[in-house]
Each structure stands twice: as C-alpha cells, then as structure tokens.
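Novice: After the structure tokens below, expect a handful of questions from me.
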Amino acid sequence: MPLGRQAKILTAKQQSLLLQHVTEGRHPERARVIALLSFKAGLRAKEIALLSWLMVTNSDKRNGRVVVYSERGKSMTAARIVNWFPRTYATMGLEGCSSHSGRRTFVTAAARKIAQAGGSLRDVQQLAGHRDLSTTQAYIGGSSDAKRRVIDLL
C-alpha cells in the first residue's frame, strides 16, 4: 500500500472471504482470531499481540496468557501480526489492505450503526480509543448509497 494512503475498508463479503480463506491455511484458529479481533473489535496489531485472557474474561484461569500466540507458545509480536495482514490480503488478491483495514472497517461499521443504538460519534470515538473526534472521523468511510438514501428520506 503506498505511503500516505488510508487502508481499504473491507466489505461484508470481503470479511467473509477472509475468514474462509484463513481456515484453509496454517493455524486457522489463530488466523481467524486475529482477523476477527481486527474487524469486529477494531484492535490494532499491537493490541491484538498484547491481548490477554485476563482482559477478555476478567478471570485469571489461564494465568494471564495472551490470546494469540506463536507456534512455540509465546506471544506474537505486533510486527509479526502487522506483516501477517498484507501477506494474507495479497494471497486473496485484495489490494490496498493492511493491518489497519480491519480497524477502519470496525470504526466505519460502528459509525453507521451507532444512531440505531442511541449513541453518537463520541461513543464511536471512545470505542476506538481516540483522543480527538477528528481522528475517528478520518477513519470513517463514506457511502454514496447512504447519501442517496438520506436524500430520498428528506
């Protein structure tokens, strides 16, 4: 992906294809977890690498172990997770995607659904962990179809 360009937002079909694709490779459970944490929870690669079961379950049954680990049973580095994404997208023929595509997908989906939940963009900002609302706004992809539907409603 060229420098200065935002990572591509994944469509629902692309998300589904990604999940299907990773089940055919090595370590399908780990790959599926990485992908889901990216586009369903909006986690950055570093956050995926550092996510522990204690953070997820609020209990220490797994001794604070990380959720995503390497073949050797050690935590994966953020760099390894960052590099996993473009390799995976490239094998699928998806261009313009990076480790940040899932995060942009999550933020955009949350922005589109937040009003239905009675929330606002401020809630999306907090979900994304951004200090400034303008950062969150930069993540959100527009939709020509949505704009047309709004005009039709008016």
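Following the order of the structure tokens, chains are lettered A, B, ..., residues in each are numbered from 1, and ligands are numbered from 1.
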Region 24-47 of chain A near region 93-103 of chain A within 6 Å: what's each residue's closest atom pair and its distance in Å to one decimal, counting only C-alpha atoms, ordered by chain then ascending residue number, as a tab-separated table?
Specialist:
```
residue	atom	partner	partner_atom	distance
A:Ser38	CA	A:Gly102	CA	4.6
A:Phe39	CA	A:Gly102	CA	3.9
A:Gly42	CA	A:Arg103	CA	4.1
```
Novice: Env of region 12-23 of chain A: 8 Å cut, atoms = only C-alpha atoms, seq-sep filter 5 positions within chain, self excluded. Answer as a ChimeraX atom specification.
Specialist: /A:28-29,31-32,35,39,88-89,92
Novice: Could you take the residues named above and write them with N, CA and C atoms, as an mmCIF file, in the first residue's frame?
Specialist:
```cif
data_model
loop_
_atom_site.group_PDB
_atom_site.id
_atom_site.type_symbol
_atom_site.label_atom_id
_atom_site.label_comp_id
_atom_site.auth_asym_id
_atom_site.auth_seq_id
_atom_site.Cartn_x
_atom_site.Cartn_y
_atom_site.Cartn_z
ATOM 1 N N PRO A 28 -5.371 -22.153 11.436
ATOM 2 C CA PRO A 28 -6.628 -21.472 11.097
ATOM 3 C C PRO A 28 -7.316 -20.813 12.291
ATOM 4 N N GLU A 29 -7.234 -21.419 13.472
ATOM 5 C CA GLU A 29 -7.901 -20.817 14.638
ATOM 6 C C GLU A 29 -7.243 -19.496 15.001
ATOM 7 N N ALA A 31 -5.433 -17.549 13.035
ATOM 8 C CA ALA A 31 -5.675 -16.587 11.962
ATOM 9 C C ALA A 31 -7.086 -16.014 12.049
ATOM 10 N N ARG A 32 -8.052 -16.859 12.351
ATOM 11 C CA ARG A 32 -9.435 -16.400 12.478
ATOM 12 C C ARG A 32 -9.584 -15.419 13.642
ATOM 13 N N ALA A 35 -8.057 -12.041 12.633
ATOM 14 C CA ALA A 35 -8.947 -11.318 11.712
ATOM 15 C C ALA A 35 -10.162 -10.762 12.442
ATOM 16 N N PHE A 39 -11.425 -6.728 12.665
ATOM 17 C CA PHE A 39 -12.595 -6.050 12.096
ATOM 18 C C PHE A 39 -13.864 -6.126 12.927
ATOM 19 N N THR A 88 -1.627 -11.990 3.825
ATOM 20 C CA THR A 88 -2.911 -12.682 3.703
ATOM 21 C C THR A 88 -3.782 -12.004 2.648
ATOM 22 N N TYR A 89 -3.879 -10.686 2.714
ATOM 23 C CA TYR A 89 -4.680 -9.960 1.725
ATOM 24 C C TYR A 89 -4.138 -10.161 0.318
ATOM 25 N N MET A 92 -5.149 -13.251 -1.299
ATOM 26 C CA MET A 92 -6.564 -13.204 -1.660
ATOM 27 C C MET A 92 -6.810 -12.288 -2.855
#
```
Novice: As JSON, numbers by chain, which residues of region 24-135 of chain A does DSSP assign to strand (DSSP E or B)?
Specialist: {"A": [52, 66, 69, 75]}
Novice: Pick out the closest residue to Val67 (chain A) from this set: A:Leu43, A:Leu54, A:Ile9, A:Leu127. Count only C-alpha atoms.
Specialist: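 Looking at the shortest contact to Val67 (chain A), the residue is A:Leu54.
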Novice: Between CA of Arg65 (chain A) and CA of Arg26 (chain A), what is the spacing in Å?
Specialist: 21.5 Å
Novice: Suppose you want the space between CA of Thr108 (chain A) and CA of Ser75 (chain A); what is it in Å?
Specialist: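 Pair CA of Thr108 (chain A) / CA of Ser75 (chain A) returns 29.2 Å.
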